[in-house]
Amino acid sequence: MGRKKIVFIGAGSFIFTRSLSRDILTFEALRDADLWLVDINPEHLEMARRMVQRYVDEGHYPATVHCTLDRREALPGADGVLCTIQVGGWEALKDEICIPAKYGIEAAIGDTRGVWGFFCYLRTVQAIVDIARDAMELCPDAVFLNYTNPMAMLCRTVQTLFPDLNYIGLCHSVQETIMLLAKWLQVDTKDMTYTCAGLNHTAFYLKLKCKGEDAYPLLRKIVDDPEIYKTERVRIEMFKHLGYFVTESSYHNSEYNGWFRKRDDLLMKYTPPWSWDDTPPKFMSQRLQEGQSFFRRRGRMEMLEKWFSEDITLDRGHEFASYIFNACFGDHTPFEFNGNVRNFHLIENLPYGACVEVPILADANGLKPTRIGFMPRELALLNNIESQTEELAVEAYLNRDKSLIYKAVYYDPYTSAKLSLDEMDAMVDEMFAACGKYHSFW
């Protein structure tokens with residue numbers, strides 16, 4: 001079969017680079033792969049090289065590791081491409097998160113949709129388009145897997161501009177939620193089967209079975225347990241009222257609707273601020289205003305150097321990427337996963353051509369999305385609002401029309417639940433003034 005070439009773009013994303021390289025090497029057909037690491041930061045690139053080389057050495061794999069600051073050196077002839085870039089780093093987040101917070105729009109994570117997601121998209125989209133253009137030129141047959149957020153808007157853009165590129169957006173919220181539900185139901189994850197569809201981060205388990213039986217009746221009883229309820233308040237409230245369980249964590253999911261964050265009492269009841277360390281809990285805007293971030297507080301390089309001194313596992317994790325690569329150009333074992341693609345008659349009651357998250361089959365013939373048909377109307381209604389705002393933001397970039405960003409914000413459920421139209425205009429004006437350095441395409 002020959003050695004396979006896999007390119008990591010944004011290899012300085014240490015968590016993804018570690019887990020994905022480890023997983024890829026566990027497949028017999030990929031254990032001798034040529035792994036190319038690309039990043040624009042030389043220090044991060046060297047750290048990534050050391051991490052991946054450690055897996056190669058400890059697993060005694062015949063793989064090779066190559067590093068470059070120039071993706072065009074790495075891409076020619078690639079079989080697989082992984083994109084995990086972040087444009088601007090944590091400093092770029094400050095204005096995107098803190099300006100809306102002045103207006104009472106407090107983010108949980110802020111990288112998916114809503115006013116923060118739209119500006120994260122504008123900051124990121126040109127870099128993603130440039131990478132995809134290079135891939136289309138240098139490795140047009142490669143399987144291109146994107147992990148960068150905001151997932152739906154970036155996928156919609158690339159899949160519109162480069163429809164022949166094998167470009168799929170991946171998230172881990174689907175499989176991580178199944179792992180959580182299996183824990184609650186006290187069964188093995190392997191006993192769970194499901195059909196999950198909708199939008200990235202707000203897809204719903206339309207069918208959920210345990211050992212072949214409908215798991216929802218038991219789940220409805222279990223979520224009343226106070227110990228379970230307090231860990232997933234938002235998602236359990238949505239489940240109780242909508243009838244289906246949603247992907248992505250409660251904290252993050254609270255951003256995508258107008259139900260949980262529009263008043264301070266609701267925000268503290270359902271999504272109180274949390275802390276990654278032993279400091280008092282604070283909202284993200286407070287942390288960024290104080291110049292804090294997760295890696296800054298803990299010491300990014302110190303954490304990684306500590307990792308080099310500890311034992312590691314070579315066992316495969318639960319990310320989809322390695323399974324997809326193995327199915328498409330490894331030993332061709334078919335693999336079904338949830339991915340993000342354009343909606344060409346996949347979900348009939350969501351916007352045609354928008355980006356949706358549906359089951360996809362990967363095998364030797366490529367990537368084949370599953371047609372869902374119609375979602376329950378109450379779920380489609382929420383997804384439609386979210387999707388239409390994403391569509392406005394994408395059209396803003398494709399048509400170079402700033403006014404569409406304002407209109408997307410007008411209809412964002414959380415923002416529109418708190419602010420007037422004039423207040424939203426003022427907020428977006430301020431954000432364009434502060435974040436314009438990332439928008440050279442206007």
# chains A, B, ... in the order shown; residues from 1 in each chain; ligands from 1
$ residues_around --residues "Leu208 (chain A)" --least-positions-apart "6" --cutoff "10 Å" --atoms "only C-alpha atoms" --output "number ranges by chain"
A: 178, 181, 192-196, 214-216, 219, 244-245
$ write_last_selection --atoms "C-alpha atoms" --output "PDB file, in the first residue's frame"
ATOM      1  CA  ILE A 178     -22.735   9.212  24.497  1.00  0.00           C
ATOM      2  CA  LEU A 181     -25.154   9.036  28.909  1.00  0.00           C
ATOM      3  CA  MET A 192     -25.385   2.421  23.032  1.00  0.00           C
ATOM      4  CA  THR A 193     -26.652   3.022  19.486  1.00  0.00           C
ATOM      5  CA  TYR A 194     -28.028   6.286  18.201  1.00  0.00           C
ATOM      6  CA  THR A 195     -28.942   8.587  15.345  1.00  0.00           C
ATOM      7  CA  CYS A 196     -27.748  12.111  16.031  1.00  0.00           C
ATOM      8  CA  ASP A 214     -35.293   2.807  23.649  1.00  0.00           C
ATOM      9  CA  ALA A 215     -33.108   4.454  26.302  1.00  0.00           C
ATOM     10  CA  TYR A 216     -35.150   7.619  26.677  1.00  0.00           C
ATOM     11  CA  LEU A 219     -33.043   8.531  30.967  1.00  0.00           C
ATOM     12  CA  TYR A 244     -34.472  14.913  23.038  1.00  0.00           C
ATOM     13  CA  PHE A 245     -30.951  15.122  24.468  1.00  0.00           C
TER      14      PHE A 245
END
$ residues_around --residues "region 139-152 of chain A" --least-positions-apart "3" --cutoff "8 Å" --atoms "only C-alpha atoms" --output "number ranges by chain"
A: 75-86, 111-113, 117, 120-121, 134-136, 155-156, 164-171, 199-200, 321, 325, 328, 340, 355-356, 390
$ write_last_selection --atoms "N, CA and C atoms" --output "short mmCIF file (atom, residue, chain, number, x, y, z; two decimals), in the first residue's frame"
data_model
loop_
_atom_site.label_atom_id
_atom_site.label_comp_id
_atom_site.auth_asym_id
_atom_site.auth_seq_id
_atom_site.Cartn_x
_atom_site.Cartn_y
_atom_site.Cartn_z
N LEU A 75 2.23 19.87 2.19
CA LEU A 75 0.98 19.38 1.60
C LEU A 75 1.10 18.51 0.36
N PRO A 76 2.08 18.69 -0.53
CA PRO A 76 2.07 17.91 -1.78
C PRO A 76 1.95 16.40 -1.55
N GLY A 77 0.94 15.81 -2.17
CA GLY A 77 0.74 14.38 -2.11
C GLY A 77 0.18 13.85 -0.81
N ALA A 78 -0.31 14.71 0.06
CA ALA A 78 -0.83 14.24 1.35
C ALA A 78 -2.06 13.37 1.15
N ASP A 79 -2.16 12.33 1.95
CA ASP A 79 -3.36 11.48 1.98
C ASP A 79 -4.40 12.04 2.94
N GLY A 80 -3.91 12.61 4.03
CA GLY A 80 -4.81 13.17 5.03
C GLY A 80 -4.28 14.50 5.55
N VAL A 81 -5.19 15.41 5.86
CA VAL A 81 -4.83 16.72 6.42
C VAL A 81 -5.69 16.95 7.65
N LEU A 82 -5.07 17.40 8.72
CA LEU A 82 -5.77 17.76 9.95
C LEU A 82 -5.54 19.24 10.23
N CYS A 83 -6.61 19.99 10.44
CA CYS A 83 -6.49 21.42 10.67
C CYS A 83 -6.97 21.75 12.08
N THR A 84 -6.08 22.28 12.90
CA THR A 84 -6.41 22.64 14.29
C THR A 84 -5.85 24.02 14.62
N ILE A 85 -5.98 24.95 13.69
CA ILE A 85 -5.38 26.27 13.88
C ILE A 85 -6.22 27.13 14.81
N GLN A 86 -5.56 28.12 15.41
CA GLN A 86 -6.25 29.20 16.11
C GLN A 86 -5.59 30.50 15.68
N ASP A 111 -16.97 30.48 20.93
CA ASP A 111 -16.26 30.17 19.68
C ASP A 111 -17.15 29.53 18.63
N THR A 112 -18.46 29.53 18.82
CA THR A 112 -19.30 28.74 17.92
C THR A 112 -20.28 29.59 17.13
N ARG A 113 -21.13 30.34 17.83
CA ARG A 113 -22.07 31.24 17.15
C ARG A 113 -22.40 32.38 18.10
N GLY A 117 -19.04 34.23 18.22
CA GLY A 117 -18.77 33.25 17.17
C GLY A 117 -18.65 33.89 15.80
N CYS A 120 -15.26 35.51 15.75
CA CYS A 120 -14.26 34.44 15.68
C CYS A 120 -14.18 33.90 14.26
N TYR A 121 -15.32 33.76 13.62
CA TYR A 121 -15.37 33.32 12.23
C TYR A 121 -14.65 34.30 11.32
N ASP A 134 -4.67 25.90 -0.87
CA ASP A 134 -3.40 25.20 -1.06
C ASP A 134 -3.62 23.69 -1.13
N ALA A 135 -4.50 23.16 -0.29
CA ALA A 135 -4.78 21.73 -0.32
C ALA A 135 -5.40 21.33 -1.65
N MET A 136 -6.30 22.15 -2.15
CA MET A 136 -6.95 21.85 -3.42
C MET A 136 -5.93 21.81 -4.56
N CYS A 155 -16.92 25.34 7.78
CA CYS A 155 -17.20 24.25 6.84
C CYS A 155 -18.07 24.73 5.68
N ARG A 156 -19.11 25.48 6.00
CA ARG A 156 -19.99 26.01 4.96
C ARG A 156 -19.20 26.84 3.95
N ASP A 164 -15.11 20.31 -4.42
CA ASP A 164 -14.49 19.02 -4.76
C ASP A 164 -13.48 18.57 -3.72
N LEU A 165 -13.19 19.41 -2.74
CA LEU A 165 -12.26 19.03 -1.68
C LEU A 165 -12.97 18.12 -0.68
N ASN A 166 -12.31 17.04 -0.27
CA ASN A 166 -12.89 16.10 0.70
C ASN A 166 -12.77 16.68 2.10
N TYR A 167 -13.53 17.72 2.35
CA TYR A 167 -13.41 18.53 3.57
C TYR A 167 -14.59 18.24 4.49
N ILE A 168 -14.29 17.80 5.71
CA ILE A 168 -15.31 17.47 6.70
C ILE A 168 -14.94 18.13 8.02
N GLY A 169 -15.94 18.65 8.72
CA GLY A 169 -15.71 19.22 10.04
C GLY A 169 -16.00 18.21 11.13
N LEU A 170 -15.10 18.11 12.11
CA LEU A 170 -15.23 17.14 13.20
C LEU A 170 -15.31 17.83 14.55
N CYS A 171 -16.10 17.25 15.42
CA CYS A 171 -16.25 17.70 16.81
C CYS A 171 -16.33 16.46 17.68
N LEU A 199 -27.27 20.64 14.16
CA LEU A 199 -26.14 21.53 13.92
C LEU A 199 -25.01 21.19 14.87
N ASN A 200 -23.79 21.55 14.49
CA ASN A 200 -22.67 21.35 15.38
C ASN A 200 -22.95 22.02 16.74
N ALA A 321 -10.84 11.11 13.97
CA ALA A 321 -9.96 11.33 12.82
C ALA A 321 -9.22 10.08 12.37
N PHE A 325 -9.37 8.19 8.68
CA PHE A 325 -8.21 7.98 7.81
C PHE A 325 -8.02 6.49 7.52
N CYS A 328 -10.62 5.36 4.97
CA CYS A 328 -10.49 5.90 3.62
C CYS A 328 -9.20 5.47 2.92
N ASN A 340 -19.64 17.38 9.75
CA ASN A 340 -20.30 18.60 9.30
C ASN A 340 -20.14 18.79 7.79
N CYS A 355 -24.72 24.36 6.67
CA CYS A 355 -23.91 23.28 7.23
C CYS A 355 -24.69 22.57 8.33
N VAL A 356 -24.78 21.26 8.23
CA VAL A 356 -25.46 20.45 9.23
C VAL A 356 -24.52 19.34 9.71
N GLU A 390 -26.01 31.85 11.17
CA GLU A 390 -24.71 31.42 10.61
C GLU A 390 -24.65 31.69 9.12
#
$ atom_distance --atom1 "CA of Ile372 (chain A)" --atom2 "CA of Ser322 (chain A)"
25.2 Å
$ select_by_dssp --residues "region 183-232 of chain A" --states "helix (DSSP H, G or I)" --output "MDAnalysis selection string"
chainID A and resid 183:185 189:191 216:222 226:229
$ write_last_selection --atoms "N, CA and C atoms" --output "compact mmCIF listing (two decimals), in the first residue's frame"
# COMPACT_ATOMS: atom_id res chain seq x y z
N LYS A 183 -22.58 6.41 31.09
CA LYS A 183 -22.21 6.44 32.51
C LYS A 183 -23.45 6.61 33.37
N TRP A 184 -24.34 7.53 32.97
CA TRP A 184 -25.57 7.74 33.74
C TRP A 184 -26.44 6.48 33.74
N LEU A 185 -26.50 5.80 32.60
CA LEU A 185 -27.33 4.60 32.48
C LEU A 185 -26.65 3.36 33.05
N THR A 189 -20.42 1.90 26.86
CA THR A 189 -20.68 2.75 25.69
C THR A 189 -20.99 1.90 24.46
N LYS A 190 -20.38 0.73 24.36
CA LYS A 190 -20.60 -0.15 23.21
C LYS A 190 -22.04 -0.65 23.13
N ASP A 191 -22.77 -0.56 24.25
CA ASP A 191 -24.17 -0.98 24.26
C ASP A 191 -25.11 0.10 23.71
N TYR A 216 -34.60 6.37 26.17
CA TYR A 216 -35.15 7.62 26.68
C TYR A 216 -36.05 7.47 27.91
N PRO A 217 -36.92 6.46 28.00
CA PRO A 217 -37.75 6.35 29.21
C PRO A 217 -36.93 6.26 30.50
N LEU A 218 -35.86 5.46 30.49
CA LEU A 218 -35.01 5.35 31.67
C LEU A 218 -34.26 6.65 31.91
N LEU A 219 -33.79 7.28 30.82
CA LEU A 219 -33.04 8.53 30.97
C LEU A 219 -33.91 9.62 31.61
N ARG A 220 -35.20 9.65 31.27
CA ARG A 220 -36.10 10.66 31.85
C ARG A 220 -36.21 10.50 33.36
N LYS A 221 -36.08 9.29 33.85
CA LYS A 221 -36.11 9.07 35.30
C LYS A 221 -34.78 9.42 35.95
N ILE A 222 -33.71 9.08 35.27
CA ILE A 222 -32.37 9.27 35.85
C ILE A 222 -32.03 10.75 36.02
N PRO A 226 -30.63 14.51 41.78
CA PRO A 226 -29.98 15.81 41.99
C PRO A 226 -28.49 15.82 41.66
N GLU A 227 -27.82 14.71 41.90
CA GLU A 227 -26.38 14.66 41.63
C GLU A 227 -26.10 14.69 40.13
N ILE A 228 -26.98 14.10 39.34
CA ILE A 228 -26.84 14.16 37.89
C ILE A 228 -27.30 15.53 37.38
N TYR A 229 -28.43 15.99 37.86
CA TYR A 229 -28.99 17.25 37.37
C TYR A 229 -28.00 18.41 37.53
$ select_by_dssp --residues "region 20-189 of chain A" --states "strand (DSSP E)" --output "ChimeraX atom specification"
/A:34-38,64-68,80-83,143-146,166-169
$ atom_distance --atom1 "CA of Leu361 (chain A)" --atom2 "CA of Asn343 (chain A)"
15.7 Å
$ closest_residue --among "A:Glu391, A:Glu237, A:Glu137, A:Glu248" --to "Thr177 (chain A)" --atoms "only C-alpha atoms"
A:Glu248
$ atom_distance --atom1 "CA of Leu314 (chain A)" --atom2 "CA of Thr17 (chain A)"
13.8 Å
$ residues_around --residues "Ile40 (chain A)" --least-positions-apart "3" --cutoff "9 Å" --atoms "only C-alpha atoms" --output "JSON, numbers by chain"
{"A": [10, 12, 44, 45, 68, 69, 70]}
$ residues_around --residues "Leu404 (chain A)" --least-positions-apart "6" --cutoff "12 Å" --atoms "only C-alpha atoms" --output "compact mmCIF listing (two decimals) with all heavy atoms, in the first residue's frame"
# COMPACT_ATOMS: atom_id res chain seq x y z
N PHE A 118 -19.47 34.92 15.52
CA PHE A 118 -19.40 35.59 14.23
C PHE A 118 -18.05 36.28 14.06
O PHE A 118 -17.44 36.22 12.98
CB PHE A 118 -20.53 36.61 14.09
CG PHE A 118 -21.91 36.02 14.21
CD1 PHE A 118 -22.95 36.75 14.78
CD2 PHE A 118 -22.18 34.74 13.76
CE1 PHE A 118 -24.22 36.21 14.91
CE2 PHE A 118 -23.45 34.19 13.87
CZ PHE A 118 -24.47 34.93 14.45
N GLN A 388 -29.75 30.00 10.37
CA GLN A 388 -29.95 31.19 9.54
C GLN A 388 -29.02 32.32 9.94
O GLN A 388 -28.55 33.08 9.09
CB GLN A 388 -31.41 31.64 9.63
CG GLN A 388 -32.42 30.68 9.01
CD GLN A 388 -32.46 30.75 7.49
OE1 GLN A 388 -31.57 31.29 6.85
NE2 GLN A 388 -33.50 30.18 6.90
N THR A 389 -28.72 32.45 11.23
CA THR A 389 -27.77 33.48 11.63
C THR A 389 -26.36 33.14 11.13
O THR A 389 -25.62 34.02 10.69
CB THR A 389 -27.75 33.67 13.16
OG1 THR A 389 -27.32 32.47 13.81
CG2 THR A 389 -29.11 34.08 13.67
N GLU A 390 -26.01 31.85 11.17
CA GLU A 390 -24.71 31.42 10.61
C GLU A 390 -24.65 31.69 9.12
O GLU A 390 -23.62 32.14 8.60
CB GLU A 390 -24.49 29.94 10.89
CG GLU A 390 -24.29 29.59 12.35
CD GLU A 390 -24.22 28.10 12.60
OE1 GLU A 390 -24.68 27.32 11.75
OE2 GLU A 390 -23.70 27.73 13.66
N GLU A 391 -25.74 31.44 8.42
CA GLU A 391 -25.78 31.70 6.99
C GLU A 391 -25.55 33.17 6.68
O GLU A 391 -24.85 33.52 5.73
CB GLU A 391 -27.13 31.25 6.42
CG GLU A 391 -27.29 29.74 6.31
CD GLU A 391 -26.42 29.18 5.20
OE1 GLU A 391 -26.82 29.26 4.02
OE2 GLU A 391 -25.33 28.65 5.50
N LEU A 392 -26.13 34.06 7.49
CA LEU A 392 -25.91 35.49 7.28
C LEU A 392 -24.44 35.85 7.45
O LEU A 392 -23.88 36.62 6.66
CB LEU A 392 -26.76 36.29 8.26
CG LEU A 392 -28.25 36.42 7.94
CD1 LEU A 392 -29.01 37.00 9.13
CD2 LEU A 392 -28.46 37.31 6.70
N ALA A 393 -23.80 35.28 8.46
CA ALA A 393 -22.39 35.58 8.68
C ALA A 393 -21.52 35.07 7.53
O ALA A 393 -20.59 35.76 7.08
CB ALA A 393 -21.93 34.96 10.00
N VAL A 394 -21.81 33.87 7.04
CA VAL A 394 -21.05 33.33 5.91
C VAL A 394 -21.25 34.18 4.67
O VAL A 394 -20.30 34.50 3.94
CB VAL A 394 -21.43 31.86 5.65
CG1 VAL A 394 -20.80 31.37 4.35
CG2 VAL A 394 -21.01 30.97 6.81
N GLU A 395 -22.49 34.57 4.40
CA GLU A 395 -22.76 35.43 3.25
C GLU A 395 -22.07 36.78 3.39
O GLU A 395 -21.67 37.40 2.40
CB GLU A 395 -24.27 35.62 3.07
CG GLU A 395 -25.01 34.36 2.61
CD GLU A 395 -24.54 33.87 1.25
OE1 GLU A 395 -24.20 34.70 0.39
OE2 GLU A 395 -24.50 32.63 1.05
N ALA A 396 -21.91 37.26 4.63
CA ALA A 396 -21.19 38.51 4.85
C ALA A 396 -19.77 38.40 4.32
O ALA A 396 -19.25 39.33 3.68
CB ALA A 396 -21.18 38.86 6.34
N TYR A 397 -19.12 37.26 4.58
CA TYR A 397 -17.76 37.06 4.07
C TYR A 397 -17.75 36.83 2.56
O TYR A 397 -16.98 37.47 1.83
CB TYR A 397 -17.10 35.87 4.77
CG TYR A 397 -15.81 35.45 4.11
CD1 TYR A 397 -14.65 36.20 4.28
CD2 TYR A 397 -15.76 34.32 3.28
CE1 TYR A 397 -13.47 35.84 3.65
CE2 TYR A 397 -14.58 33.95 2.65
CZ TYR A 397 -13.44 34.71 2.83
OH TYR A 397 -12.28 34.34 2.20
N LEU A 398 -18.60 35.95 2.09
CA LEU A 398 -18.59 35.60 0.66
C LEU A 398 -18.92 36.80 -0.21
O LEU A 398 -18.37 36.96 -1.31
CB LEU A 398 -19.58 34.47 0.39
CG LEU A 398 -19.24 33.11 1.02
CD1 LEU A 398 -20.36 32.11 0.74
CD2 LEU A 398 -17.91 32.57 0.50
N TYR A 410 -28.75 40.55 15.19
CA TYR A 410 -30.13 40.90 15.54
C TYR A 410 -30.96 39.66 15.89
O TYR A 410 -31.85 39.72 16.74
CB TYR A 410 -30.84 41.60 14.38
CG TYR A 410 -30.30 42.94 13.96
CD1 TYR A 410 -30.59 43.45 12.70
CD2 TYR A 410 -29.50 43.71 14.80
CE1 TYR A 410 -30.11 44.68 12.28
CE2 TYR A 410 -29.00 44.93 14.40
CZ TYR A 410 -29.30 45.42 13.13
OH TYR A 410 -28.83 46.64 12.71
N TYR A 411 -30.67 38.56 15.22
CA TYR A 411 -31.50 37.36 15.39
C TYR A 411 -30.87 36.30 16.27
O TYR A 411 -31.47 35.25 16.48
CB TYR A 411 -31.85 36.78 14.02
CG TYR A 411 -32.85 37.62 13.27
CD1 TYR A 411 -32.43 38.56 12.34
CD2 TYR A 411 -34.21 37.52 13.53
CE1 TYR A 411 -33.34 39.36 11.67
CE2 TYR A 411 -35.14 38.31 12.86
CZ TYR A 411 -34.69 39.23 11.93
OH TYR A 411 -35.60 40.03 11.28
N ASP A 425 -26.37 47.44 17.46
CA ASP A 425 -25.58 48.20 16.49
C ASP A 425 -24.33 48.79 17.15
O ASP A 425 -23.22 48.71 16.60
CB ASP A 425 -26.41 49.33 15.88
CG ASP A 425 -27.31 48.86 14.75
OD1 ASP A 425 -27.15 47.71 14.30
OD2 ASP A 425 -28.16 49.65 14.30
N VAL A 428 -21.74 46.02 17.88
CA VAL A 428 -21.06 45.52 16.68
C VAL A 428 -20.15 46.59 16.10
O VAL A 428 -19.04 46.28 15.62
CB VAL A 428 -22.08 45.01 15.65
CG1 VAL A 428 -21.38 44.58 14.37
CG2 VAL A 428 -22.87 43.84 16.23
$ closest_residue --among "A:Val7, A:Gly212, A:Ala108, A:Val358" --to "Arg72 (chain A)" --atoms "only C-alpha atoms"
A:Val7
